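K.L.:
Below you'll find upload.cif; it's mmCIF, C-alpha atoms.
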```cif
data_start
loop_
_atom_site.label_atom_id
_atom_site.label_comp_id
_atom_site.auth_asym_id
_atom_site.auth_seq_id
_atom_site.Cartn_x
_atom_site.Cartn_y
_atom_site.Cartn_z
CA MET A 245 -34.31 -48.68 -69.49
CA GLU A 246 -31.74 -48.68 -72.26
CA ASN A 247 -28.06 -48.16 -71.41
CA SER A 248 -27.80 -44.78 -73.18
CA GLN A 249 -30.90 -43.55 -71.34
CA LYS A 250 -29.37 -44.65 -68.03
CA ASN A 251 -26.19 -42.79 -68.93
CA SER A 252 -28.21 -39.69 -69.82
CA VAL A 253 -30.15 -39.75 -66.54
CA PHE A 254 -26.96 -40.39 -64.59
CA SER A 255 -25.13 -37.54 -66.37
CA VAL A 256 -27.98 -35.12 -65.59
CA ILE A 257 -27.94 -36.15 -61.93
CA LYS A 258 -24.12 -35.90 -61.73
CA SER A 259 -24.25 -32.51 -63.38
CA ALA A 260 -26.91 -31.15 -61.00
CA VAL A 261 -25.19 -32.51 -57.89
CA SER A 262 -21.79 -31.16 -58.93
CA ALA A 263 -23.39 -27.77 -59.68
CA LEU A 264 -24.98 -27.83 -56.23
CA ALA A 265 -21.65 -28.67 -54.57
CA LEU A 266 -19.92 -25.88 -56.48
CA SER A 267 -22.74 -23.51 -55.58
CA LEU A 268 -22.31 -24.33 -51.89
CA VAL A 269 -18.57 -23.65 -52.17
CA PHE A 270 -19.30 -20.33 -53.90
CA ALA A 271 -21.81 -19.46 -51.15
CA ILE A 272 -19.22 -20.10 -48.43
CA ILE A 273 -16.61 -17.99 -50.23
CA PHE A 274 -19.16 -15.23 -50.84
CA ALA A 275 -20.19 -15.28 -47.18
CA PHE A 276 -16.54 -14.77 -46.25
CA VAL A 277 -16.26 -11.90 -48.75
CA LEU A 278 -19.38 -10.31 -47.26
CA ARG A 279 -17.87 -10.65 -43.81
CA VAL A 280 -14.67 -8.78 -44.70
CA THR A 281 -16.12 -6.17 -47.07
CA SER A 282 -19.01 -3.77 -46.98
CA LEU A 283 -21.04 -4.76 -50.02
CA PRO A 284 -24.50 -3.20 -50.11
CA TYR A 285 -27.36 -5.50 -49.16
CA LYS A 286 -28.99 -5.01 -52.57
CA ALA A 287 -25.97 -6.60 -54.26
CA VAL A 288 -26.22 -9.92 -52.39
CA TYR A 289 -29.13 -11.47 -54.34
CA PRO A 290 -27.86 -10.65 -57.86
CA ILE A 291 -24.33 -11.83 -57.05
CA ASN A 292 -25.74 -15.02 -55.53
CA GLN A 293 -27.77 -15.67 -58.69
CA VAL A 294 -24.72 -15.13 -60.91
CA LEU A 295 -22.72 -17.57 -58.79
CA LYS A 296 -25.51 -20.15 -59.08
CA GLY A 297 -25.58 -19.65 -62.86
CA VAL A 298 -21.82 -20.13 -63.10
CA ALA A 299 -22.01 -23.27 -60.95
CA LEU A 300 -24.77 -24.68 -63.14
CA CYS A 301 -22.88 -23.89 -66.33
CA VAL A 302 -19.73 -25.61 -65.03
CA GLY A 303 -21.70 -28.67 -63.89
CA VAL A 304 -23.41 -29.02 -67.27
CA LEU A 305 -20.21 -28.49 -69.23
CA LEU A 306 -18.45 -31.16 -67.17
CA TYR A 307 -20.96 -33.99 -67.50
CA ILE A 308 -23.47 -33.52 -70.32
CA ARG A 309 -22.55 -35.46 -73.48
CA GLY A 310 -24.30 -37.02 -76.46
CA GLU A 311 -27.45 -35.81 -78.11
CA LYS A 312 -30.15 -33.39 -76.96
CA GLY A 313 -27.81 -31.36 -74.80
CA TRP A 314 -30.35 -28.55 -74.56
CA LEU A 315 -32.92 -30.92 -73.05
CA LYS A 316 -30.47 -32.56 -70.64
CA GLY A 317 -29.14 -29.15 -69.64
CA GLY A 318 -32.62 -27.73 -69.12
CA ILE A 319 -33.62 -30.67 -66.94
CA CYS A 320 -30.36 -30.32 -65.06
CA GLY A 321 -31.15 -26.64 -64.43
CA ILE A 322 -34.57 -27.47 -63.01
CA LEU A 323 -33.15 -30.28 -60.87
CA PHE A 324 -30.35 -28.01 -59.67
CA THR A 325 -32.85 -25.32 -58.66
CA ALA A 326 -34.96 -27.82 -56.73
CA LEU A 327 -31.92 -29.26 -54.95
CA SER A 328 -30.44 -25.83 -54.18
CA TYR A 329 -33.81 -24.65 -52.86
CA LEU A 330 -33.91 -27.62 -50.49
CA ALA A 331 -30.28 -27.22 -49.45
CA PHE A 332 -30.29 -23.46 -48.90
CA SER A 333 -33.74 -23.50 -47.28
CA SER A 334 -32.52 -26.18 -44.88
CA ILE A 335 -29.51 -24.05 -44.02
CA GLY A 336 -31.62 -20.90 -43.62
CA GLY A 337 -34.57 -22.62 -41.96
CA ASN A 338 -37.12 -21.00 -44.27
CA PHE A 339 -39.03 -23.08 -46.85
CA ALA A 340 -41.36 -20.32 -48.06
CA LEU A 341 -41.85 -20.17 -51.82
CA SER A 342 -42.06 -16.86 -53.65
CA TRP A 343 -42.45 -15.82 -57.25
CA LEU A 344 -38.66 -15.46 -57.42
CA PHE A 345 -38.34 -19.25 -57.11
CA PHE A 346 -40.34 -19.71 -60.29
CA VAL A 347 -38.31 -17.04 -62.07
CA GLU A 348 -35.17 -18.86 -60.94
CA LEU A 349 -36.59 -22.14 -62.30
CA LEU A 350 -37.07 -20.57 -65.73
CA LEU A 351 -33.68 -18.88 -65.65
CA THR A 352 -31.77 -22.00 -64.65
CA ALA A 353 -33.64 -24.08 -67.22
CA PHE A 354 -32.52 -21.55 -69.85
CA ILE A 355 -28.91 -21.44 -68.57
CA GLY A 356 -28.85 -25.24 -68.46
CA ALA A 357 -30.25 -25.54 -71.98
CA VAL A 358 -27.69 -23.11 -73.41
CA SER A 359 -24.86 -24.78 -71.49
CA GLY A 360 -26.05 -28.22 -72.58
CA SER A 361 -26.11 -27.11 -76.21
CA LEU A 362 -22.56 -25.85 -75.85
CA ALA A 363 -21.44 -28.99 -74.01
CA VAL A 364 -22.53 -31.42 -76.71
CA ASN A 365 -21.13 -29.28 -79.53
CA MET A 366 -17.70 -28.54 -78.07
CA ARG A 367 -14.74 -30.55 -79.23
CA ARG A 368 -13.09 -32.50 -76.46
CA ALA A 369 -9.30 -32.44 -76.21
#
```
Would you mind giving the structure from this file in structure tokens?
P.N.:
Amino acid sequence: MENSQKNSVFSVIKSAVSALALSLVFAIIFAFVLRVTSLPYKAVYPINQVLKGVALCVGVLLYIRGEKGWLKGGICGILFTALSYLAFSSIGGNFALSWLFFVELLLTAFIGAVSGSLAVNMRRA
């Protein structure tokens, strides 16, 4: 494997893992917020999805560089969804798949692709 390909694969993995770590931090903070407030149950899933999207966007913006940012970002989104499914299912003890998982895969691939496009086209300071 060529050096630039190794760097691309490594940047996608770093991006997905950092997004997962940030997502776990957001989940802990959100759990605390739920504990001290009285948010309606229907608000939990949408807020959780927004927090995952923000975590993914930050992870992609931090590590994706070079060409084909949309592709790297999309792959990162799919990898992030798979890793977060495993992590949160392990925590919750429920590994059942639903149609929402596949919707989340498409959504995170889209968010990752858009974030990756932004990441490679932004000027670095």
K.L.:
Nearest residue to Val298 in chain A out of A:Leu266, A:Ala340, A:Val256, A:Cys320, using only C-alpha atoms?
P.N.:
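Closest to Val298 in chain A of all the choices is A:Leu266.
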K.L.:
Just so the selection is clear, what residues does the PyMOL selection byres ((chain A and resi 326) around 12) cover here, as a list in words?
P.N.:
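On this input, the PyMOL selection byres ((chain A and resi 326) around 12) captures Ala260, Val261, Ala263, Leu264, Ile319, Cys320, Gly321, Ile322, Leu323, Phe324, Thr325, Leu327, Ser328, Tyr329, Leu330, Ala331, Phe332, Ser333, Phe339, Leu341, Phe345, Phe346, Glu348, Leu349, Leu350, Thr352 and Ala353 of chain A.
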K.L.:
Just how far from CA of Phe270 in chain A is CA of Ser361 in chain A, in Å to one decimal?
P.N.:
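Value for the CA of Ser361 in chain A-CA of Phe270 in chain A distance: 24.3 Å.
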K.L.:
Which polymer residues have any atom within 10 Å of an atom of Leu295 in chain A, counting all atoms listed in the file, with same-chain residues fewer than 6 positions away left out, as an MDAnalysis selection string?
P.N.:
chainID A and resid 266:271 274 289 301
K.L.:
Could you save the residues just selected, with C-alpha atoms, as a short mmCIF file (atom, residue, chain, number, x, y, z; two decimals), keeping the file's coordinate frame?
P.N.:
```
data_model
loop_
_atom_site.label_atom_id
_atom_site.label_comp_id
_atom_site.auth_asym_id
_atom_site.auth_seq_id
_atom_site.Cartn_x
_atom_site.Cartn_y
_atom_site.Cartn_z
CA LEU A 266 -19.92 -25.88 -56.48
CA SER A 267 -22.74 -23.51 -55.58
CA LEU A 268 -22.31 -24.33 -51.89
CA VAL A 269 -18.57 -23.65 -52.17
CA PHE A 270 -19.30 -20.33 -53.90
CA ALA A 271 -21.81 -19.46 -51.15
CA PHE A 274 -19.16 -15.23 -50.84
CA TYR A 289 -29.13 -11.47 -54.34
CA CYS A 301 -22.88 -23.89 -66.33
#
```
K.L.:
Just checking: using all atoms listed in the file, which residue out of A:Gly310, A:Gly297, A:Pro284, A:Gly317 ends up closest to Ile257 in chain A?
P.N.:
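Residue with the minimum atom-to-atom distance to Ile257 in chain A: A:Gly317.
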K.L.:
To one decimal in Å, tell me the separation between CA of Lys258 in chain A and CA of Leu362 in chain A.
P.N.:
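If I compute the distance from CA of Lys258 in chain A to CA of Leu362 in chain A, I get 17.4 Å.
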K.L.:
For Leu305 in chain A, which of A:Leu351, A:Met366, A:Val253, A:Ala275 is the closest residue, counting all atoms listed in the file?
P.N.:
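Closest to Leu305 in chain A, using all atoms listed in the file: A:Met366.
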K.L.:
If I take CA of Asn247 in chain A and CA of Arg309 in chain A, how far is one from the other in Å, to one decimal?
P.N.:
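Pair CA of Asn247 in chain A / CA of Arg309 in chain A returns 14.0 Å.
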K.L.:
Using all atoms listed in the file, which residue out of A:Ser282, A:Ser262, A:Gln293, A:Ser252 lies closest to Ile355 in chain A?
P.N.:
A:Gln293
K.L.:
Can you pull out the residues contacting Ile308 in chain A? Cut-off 8 Å, using all atoms listed in the file, and skip same-chain residues under 4 positions away; I want them as a PDB file with C-alpha atoms, keeping the file's coordinate frame.
P.N.:
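And here's out-v1.pdb as it stands now:
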```pdb
ATOM      1  CA  SER A 252     -28.210 -39.690 -69.820  1.00  0.00           C
ATOM      2  CA  SER A 255     -25.130 -37.540 -66.370  1.00  0.00           C
ATOM      3  CA  VAL A 256     -27.980 -35.120 -65.590  1.00  0.00           C
ATOM      4  CA  SER A 259     -24.250 -32.510 -63.380  1.00  0.00           C
ATOM      5  CA  VAL A 304     -23.410 -29.020 -67.270  1.00  0.00           C
ATOM      6  CA  GLY A 313     -27.810 -31.360 -74.800  1.00  0.00           C
ATOM      7  CA  LYS A 316     -30.470 -32.560 -70.640  1.00  0.00           C
ATOM      8  CA  GLY A 317     -29.140 -29.150 -69.640  1.00  0.00           C
ATOM      9  CA  GLY A 360     -26.050 -28.220 -72.580  1.00  0.00           C
ATOM     10  CA  ALA A 363     -21.440 -28.990 -74.010  1.00  0.00           C
ATOM     11  CA  VAL A 364     -22.530 -31.420 -76.710  1.00  0.00           C
TER      12      VAL A 364
END
```
K.L.:
Between A:Val280, A:Phe254, A:Leu306, A:Ile273, which one has atoms that come closest to Asn292 in chain A, using all atoms listed in the file?
P.N.:
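For Asn292 in chain A, the nearest of the given residues is A:Ile273.
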K.L.:
Once you add 8 Å to each side, what are the centre and edge lengths of the axis-aligned box holding all listed atoms of range 261-270 of chain A? One decimal in Å, as lines of an AutoDock Vina configuration file, if you can.
P.N.:
```
center_x = -21.9
center_y = -26.4
center_z = -55.8
size_x = 22.6
size_y = 28.2
size_z = 23.8
```
K.L.:
Pick out the closest residue to Asn251 in chain A from this set: A:Val294, A:Thr281, A:Glu311, A:Ala299. Count all atoms listed in the file.
P.N.:
A:Glu311
K.L.:
Starting from the incomplete input, reconstruct all heavy atoms of range 291-302 of chain A and report them as a PDB file, in the frame of the given file.
P.N.:
```pdb
ATOM      1  N   ILE A 291     -25.626 -11.122 -57.024  1.00  0.00           N
ATOM      2  CA  ILE A 291     -24.330 -11.830 -57.050  1.00  0.00           C
ATOM      3  C   ILE A 291     -24.554 -13.306 -56.771  1.00  0.00           C
ATOM      4  O   ILE A 291     -23.944 -14.170 -57.417  1.00  0.00           O
ATOM      5  CB  ILE A 291     -23.350 -11.204 -56.039  1.00  0.00           C
ATOM      6  CG1 ILE A 291     -22.954  -9.808 -56.509  1.00  0.00           C
ATOM      7  CG2 ILE A 291     -22.118 -12.076 -55.857  1.00  0.00           C
ATOM      8  CD1 ILE A 291     -22.154  -9.009 -55.506  1.00  0.00           C
ATOM      9  N   ASN A 292     -25.427 -13.629 -55.832  1.00  0.00           N
ATOM     10  CA  ASN A 292     -25.740 -15.020 -55.530  1.00  0.00           C
ATOM     11  C   ASN A 292     -26.309 -15.738 -56.753  1.00  0.00           C
ATOM     12  O   ASN A 292     -25.960 -16.885 -57.036  1.00  0.00           O
ATOM     13  CB  ASN A 292     -26.700 -15.101 -54.349  1.00  0.00           C
ATOM     14  CG  ASN A 292     -26.911 -16.512 -53.882  1.00  0.00           C
ATOM     15  OD1 ASN A 292     -25.988 -17.319 -53.865  1.00  0.00           O
ATOM     16  ND2 ASN A 292     -28.138 -16.826 -53.502  1.00  0.00           N
ATOM     17  N   GLN A 293     -27.170 -15.065 -57.498  1.00  0.00           N
ATOM     18  CA  GLN A 293     -27.770 -15.670 -58.690  1.00  0.00           C
ATOM     19  C   GLN A 293     -26.718 -15.898 -59.779  1.00  0.00           C
ATOM     20  O   GLN A 293     -26.746 -16.917 -60.473  1.00  0.00           O
ATOM     21  CB  GLN A 293     -28.916 -14.812 -59.215  1.00  0.00           C
ATOM     22  CG  GLN A 293     -30.095 -14.741 -58.276  1.00  0.00           C
ATOM     23  CD  GLN A 293     -30.580 -16.114 -57.848  1.00  0.00           C
ATOM     24  OE1 GLN A 293     -30.787 -16.999 -58.654  1.00  0.00           O
ATOM     25  NE2 GLN A 293     -30.737 -16.295 -56.546  1.00  0.00           N
ATOM     26  N   VAL A 294     -25.801 -14.962 -59.928  1.00  0.00           N
ATOM     27  CA  VAL A 294     -24.720 -15.130 -60.910  1.00  0.00           C
ATOM     28  C   VAL A 294     -23.853 -16.321 -60.524  1.00  0.00           C
ATOM     29  O   VAL A 294     -23.484 -17.139 -61.383  1.00  0.00           O
ATOM     30  CB  VAL A 294     -23.877 -13.844 -61.029  1.00  0.00           C
ATOM     31  CG1 VAL A 294     -22.603 -14.090 -61.821  1.00  0.00           C
ATOM     32  CG2 VAL A 294     -24.699 -12.738 -61.674  1.00  0.00           C
ATOM     33  N   LEU A 295     -23.534 -16.437 -59.245  1.00  0.00           N
ATOM     34  CA  LEU A 295     -22.720 -17.570 -58.790  1.00  0.00           C
ATOM     35  C   LEU A 295     -23.432 -18.898 -59.018  1.00  0.00           C
ATOM     36  O   LEU A 295     -22.802 -19.887 -59.409  1.00  0.00           O
ATOM     37  CB  LEU A 295     -22.345 -17.396 -57.313  1.00  0.00           C
ATOM     38  CG  LEU A 295     -21.394 -16.240 -57.003  1.00  0.00           C
ATOM     39  CD1 LEU A 295     -21.193 -16.099 -55.504  1.00  0.00           C
ATOM     40  CD2 LEU A 295     -20.075 -16.425 -57.722  1.00  0.00           C
ATOM     41  N   LYS A 296     -24.746 -18.932 -58.802  1.00  0.00           N
ATOM     42  CA  LYS A 296     -25.510 -20.150 -59.080  1.00  0.00           C
ATOM     43  C   LYS A 296     -25.495 -20.474 -60.572  1.00  0.00           C
ATOM     44  O   LYS A 296     -25.373 -21.630 -60.969  1.00  0.00           O
ATOM     45  CB  LYS A 296     -26.956 -20.013 -58.603  1.00  0.00           C
ATOM     46  CG  LYS A 296     -27.141 -20.173 -57.123  1.00  0.00           C
ATOM     47  CD  LYS A 296     -28.624 -20.098 -56.779  1.00  0.00           C
ATOM     48  CE  LYS A 296     -28.882 -20.308 -55.315  1.00  0.00           C
ATOM     49  NZ  LYS A 296     -30.324 -20.274 -55.012  1.00  0.00           N
ATOM     50  N   GLY A 297     -25.624 -19.445 -61.410  1.00  0.00           N
ATOM     51  CA  GLY A 297     -25.580 -19.650 -62.860  1.00  0.00           C
ATOM     52  C   GLY A 297     -24.238 -20.182 -63.316  1.00  0.00           C
ATOM     53  O   GLY A 297     -24.167 -21.089 -64.157  1.00  0.00           O
ATOM     54  N   VAL A 298     -23.162 -19.659 -62.753  1.00  0.00           N
ATOM     55  CA  VAL A 298     -21.820 -20.130 -63.100  1.00  0.00           C
ATOM     56  C   VAL A 298     -21.646 -21.592 -62.647  1.00  0.00           C
ATOM     57  O   VAL A 298     -21.111 -22.423 -63.392  1.00  0.00           O
ATOM     58  CB  VAL A 298     -20.740 -19.226 -62.464  1.00  0.00           C
ATOM     59  CG1 VAL A 298     -19.359 -19.844 -62.586  1.00  0.00           C
ATOM     60  CG2 VAL A 298     -20.770 -17.853 -63.111  1.00  0.00           C
ATOM     61  N   ALA A 299     -22.108 -21.900 -61.449  1.00  0.00           N
ATOM     62  CA  ALA A 299     -22.010 -23.270 -60.950  1.00  0.00           C
ATOM     63  C   ALA A 299     -22.778 -24.234 -61.847  1.00  0.00           C
ATOM     64  O   ALA A 299     -22.292 -25.324 -62.174  1.00  0.00           O
ATOM     65  CB  ALA A 299     -22.526 -23.354 -59.514  1.00  0.00           C
ATOM     66  N   LEU A 300     -23.972 -23.845 -62.261  1.00  0.00           N
ATOM     67  CA  LEU A 300     -24.770 -24.680 -63.140  1.00  0.00           C
ATOM     68  C   LEU A 300     -24.088 -24.873 -64.489  1.00  0.00           C
ATOM     69  O   LEU A 300     -24.009 -25.992 -65.002  1.00  0.00           O
ATOM     70  CB  LEU A 300     -26.164 -24.078 -63.339  1.00  0.00           C
ATOM     71  CG  LEU A 300     -27.074 -24.784 -64.339  1.00  0.00           C
ATOM     72  CD1 LEU A 300     -27.339 -26.224 -63.904  1.00  0.00           C
ATOM     73  CD2 LEU A 300     -28.363 -24.021 -64.506  1.00  0.00           C
ATOM     74  N   CYS A 301     -23.563 -23.812 -65.039  1.00  0.00           N
ATOM     75  CA  CYS A 301     -22.880 -23.890 -66.330  1.00  0.00           C
ATOM     76  C   CYS A 301     -21.685 -24.836 -66.254  1.00  0.00           C
ATOM     77  O   CYS A 301     -21.499 -25.681 -67.135  1.00  0.00           O
ATOM     78  CB  CYS A 301     -22.436 -22.490 -66.752  1.00  0.00           C
ATOM     79  SG  CYS A 301     -21.748 -22.417 -68.402  1.00  0.00           S
ATOM     80  N   VAL A 302     -20.899 -24.723 -65.201  1.00  0.00           N
ATOM     81  CA  VAL A 302     -19.730 -25.610 -65.030  1.00  0.00           C
ATOM     82  C   VAL A 302     -20.184 -27.055 -64.888  1.00  0.00           C
ATOM     83  O   VAL A 302     -19.618 -27.955 -65.516  1.00  0.00           O
ATOM     84  CB  VAL A 302     -18.882 -25.160 -63.826  1.00  0.00           C
ATOM     85  CG1 VAL A 302     -17.829 -26.199 -63.479  1.00  0.00           C
ATOM     86  CG2 VAL A 302     -18.226 -23.819 -64.105  1.00  0.00           C
TER      87      VAL A 302
END
```
